[in-house]
Amino acid sequence: MRIGLLGTGPWARAAHAPALSEHPGLDFVGVWGRRPEAAAELAAVHGVRAYDDVDALLADV
């Protein structure tokens with residue numbers, strides 16, 4: 001299953017992104033956020049793509 005994360009807030013950084021990236025049954029595709037620099041930072045930590053267009057992320061999942 002391909003999963004994308006919408007949002008880069010405290011819960012996304014502390015819980016959601018780590019859980020998605022460590023889950024063996026998921027393909028964590030990328031992150032979108034209202035602030036592209038925050039999405040890029042969170043995506044880099046987890047080795048996924050940062051999306052600047054939410055529709056592109058949804059299309060990839």
# chains A, B, ... in the order shown; residues from 1 in each chain; ligands from 1
call {"tool": "select_by_dssp", "arguments": {"residues": "range 12-60 of chain A", "states": "strand (DSSP E)", "output": "list in words"}}
result
Asp27, Phe28, Val29, Gly30, Val31, Trp32, Arg49, Ala50 and Tyr51 of chain A
call {"tool": "write_last_selection", "arguments": {"atoms": "C-alpha atoms", "output": "PDB file, in the first residue's frame"}}
result
ATOM      1  CA  ASP A  27       5.378   2.240   0.822  1.00  0.00           C
ATOM      2  CA  PHE A  28       5.739   5.715   2.332  1.00  0.00           C
ATOM      3  CA  VAL A  29       5.720   7.843  -0.814  1.00  0.00           C
ATOM      4  CA  GLY A  30       6.120  11.384   0.413  1.00  0.00           C
ATOM      5  CA  VAL A  31       5.068  14.435   2.371  1.00  0.00           C
ATOM      6  CA  TRP A  32       3.067  17.530   1.493  1.00  0.00           C
ATOM      7  CA  ARG A  49       9.838  12.880  -1.699  1.00  0.00           C
ATOM      8  CA  ALA A  50       8.607  16.320  -0.650  1.00  0.00           C
ATOM      9  CA  TYR A  51       5.588  17.371  -2.689  1.00  0.00           C
TER      10      TYR A  51
END
call {"tool": "residues_around", "arguments": {"residues": "Gly25 in chain A", "least_positions_apart": "3", "cutoff": "10 Å", "atoms": "only C-alpha atoms", "output": "MDAnalysis selection string"}}
result
chainID A and resid 1:2 20:22 28
call {"tool": "write_last_selection", "arguments": {"atoms": "N, CA and C atoms", "output": "CSV table (one decimal), in the first residue's frame"}}
result
chain,number,residue,atom,x,y,z
A,1,MET,N,0.8,-1.2,0.0
A,1,MET,CA,0.0,0.0,0.0
A,1,MET,C,0.9,1.2,0.0
A,2,ARG,N,0.6,2.2,-0.9
A,2,ARG,CA,1.3,3.4,-1.0
A,2,ARG,C,0.6,4.5,-0.1
A,20,LEU,N,5.1,5.6,9.6
A,20,LEU,CA,4.9,5.3,8.2
A,20,LEU,C,6.2,4.8,7.6
A,21,SER,N,7.3,5.4,7.9
A,21,SER,CA,8.6,5.0,7.3
A,21,SER,C,9.1,3.7,7.9
A,22,GLU,N,8.7,3.3,9.1
A,22,GLU,CA,9.2,2.1,9.7
A,22,GLU,C,8.2,0.9,9.5
A,28,PHE,N,5.9,4.3,2.0
A,28,PHE,CA,5.7,5.7,2.3
A,28,PHE,C,6.3,6.5,1.2
call {"tool": "atom_distance", "arguments": {"atom1": "CA of Arg35 in chain A", "atom2": "CA of His23 in chain A"}}
result
25.6 Å
call {"tool": "residues_around", "arguments": {"residues": "range 7-11 of chain A", "least_positions_apart": "6", "cutoff": "7 Å", "atoms": "only C-alpha atoms", "output": "PyMOL selection string"}}
result
chain A and resi 32-33+38-39+42
call {"tool": "atom_distance", "arguments": {"atom1": "CA of Ala12 in chain A", "atom2": "CA of Val61 in chain A"}}
result
17.8 Å
call {"tool": "closest_residue", "arguments": {"among": "A:Val54, A:Val48, A:Ala43, A:Asp60", "to": "Arg13 in chain A", "atoms": "only C-alpha atoms"}}
result
A:Ala43
call {"tool": "atom_distance", "arguments": {"atom1": "CA of Ala44 in chain A", "atom2": "CA of Ala15 in chain A"}}
result
15.8 Å
call {"tool": "closest_residue", "arguments": {"among": "A:Ala40, A:Leu26, A:Arg34, A:Pro18", "to": "Leu6 in chain A", "atoms": "only C-alpha atoms"}}
result
A:Arg34
call {"tool": "decode", "arguments": {"residues": "range 20-38 of chain A", "atoms": "N, CA and C atoms", "output": "compact mmCIF listing (two decimals), in the first residue's frame"}}
result
# COMPACT_ATOMS: atom_id res chain seq x y z
N LEU A 20 5.06 5.62 9.61
CA LEU A 20 4.91 5.26 8.20
C LEU A 20 6.21 4.75 7.60
N SER A 21 7.30 5.40 7.93
CA SER A 21 8.58 5.00 7.33
C SER A 21 9.08 3.68 7.88
N GLU A 22 8.70 3.31 9.08
CA GLU A 22 9.17 2.07 9.69
C GLU A 22 8.23 0.89 9.47
N HIS A 23 7.03 1.14 8.96
CA HIS A 23 6.07 0.05 8.78
C HIS A 23 6.49 -0.83 7.60
N PRO A 24 6.67 -2.13 7.83
CA PRO A 24 7.15 -2.99 6.75
C PRO A 24 6.15 -3.25 5.64
N GLY A 25 4.88 -3.02 5.88
CA GLY A 25 3.87 -3.31 4.87
C GLY A 25 3.42 -2.11 4.07
N LEU A 26 4.08 -0.97 4.25
CA LEU A 26 3.69 0.25 3.55
C LEU A 26 4.82 0.79 2.69
N ASP A 27 4.43 1.49 1.64
CA ASP A 27 5.38 2.24 0.82
C ASP A 27 5.09 3.71 1.10
N PHE A 28 5.89 4.30 1.97
CA PHE A 28 5.74 5.72 2.33
C PHE A 28 6.28 6.54 1.17
N VAL A 29 5.38 7.17 0.44
CA VAL A 29 5.72 7.84 -0.81
C VAL A 29 6.28 9.25 -0.61
N GLY A 30 5.65 10.03 0.25
CA GLY A 30 6.12 11.38 0.41
C GLY A 30 5.28 12.21 1.35
N VAL A 31 5.67 13.49 1.43
CA VAL A 31 5.07 14.44 2.37
C VAL A 31 4.67 15.71 1.63
N TRP A 32 3.51 16.21 1.95
CA TRP A 32 3.07 17.53 1.49
C TRP A 32 2.77 18.37 2.72
N GLY A 33 3.08 19.64 2.66
CA GLY A 33 2.74 20.57 3.73
C GLY A 33 2.50 21.95 3.17
N ARG A 34 1.80 22.77 3.94
CA ARG A 34 1.54 24.14 3.49
C ARG A 34 2.83 24.93 3.35
N ARG A 35 3.84 24.54 4.14
CA ARG A 35 5.15 25.19 4.04
C ARG A 35 6.11 24.22 3.34
N PRO A 36 6.45 24.49 2.09
CA PRO A 36 7.31 23.58 1.34
C PRO A 36 8.63 23.27 2.03
N GLU A 37 9.21 24.24 2.75
CA GLU A 37 10.48 23.98 3.42
C GLU A 37 10.31 22.97 4.55
N ALA A 38 9.18 22.98 5.23
CA ALA A 38 8.92 22.01 6.29
C ALA A 38 8.70 20.62 5.69
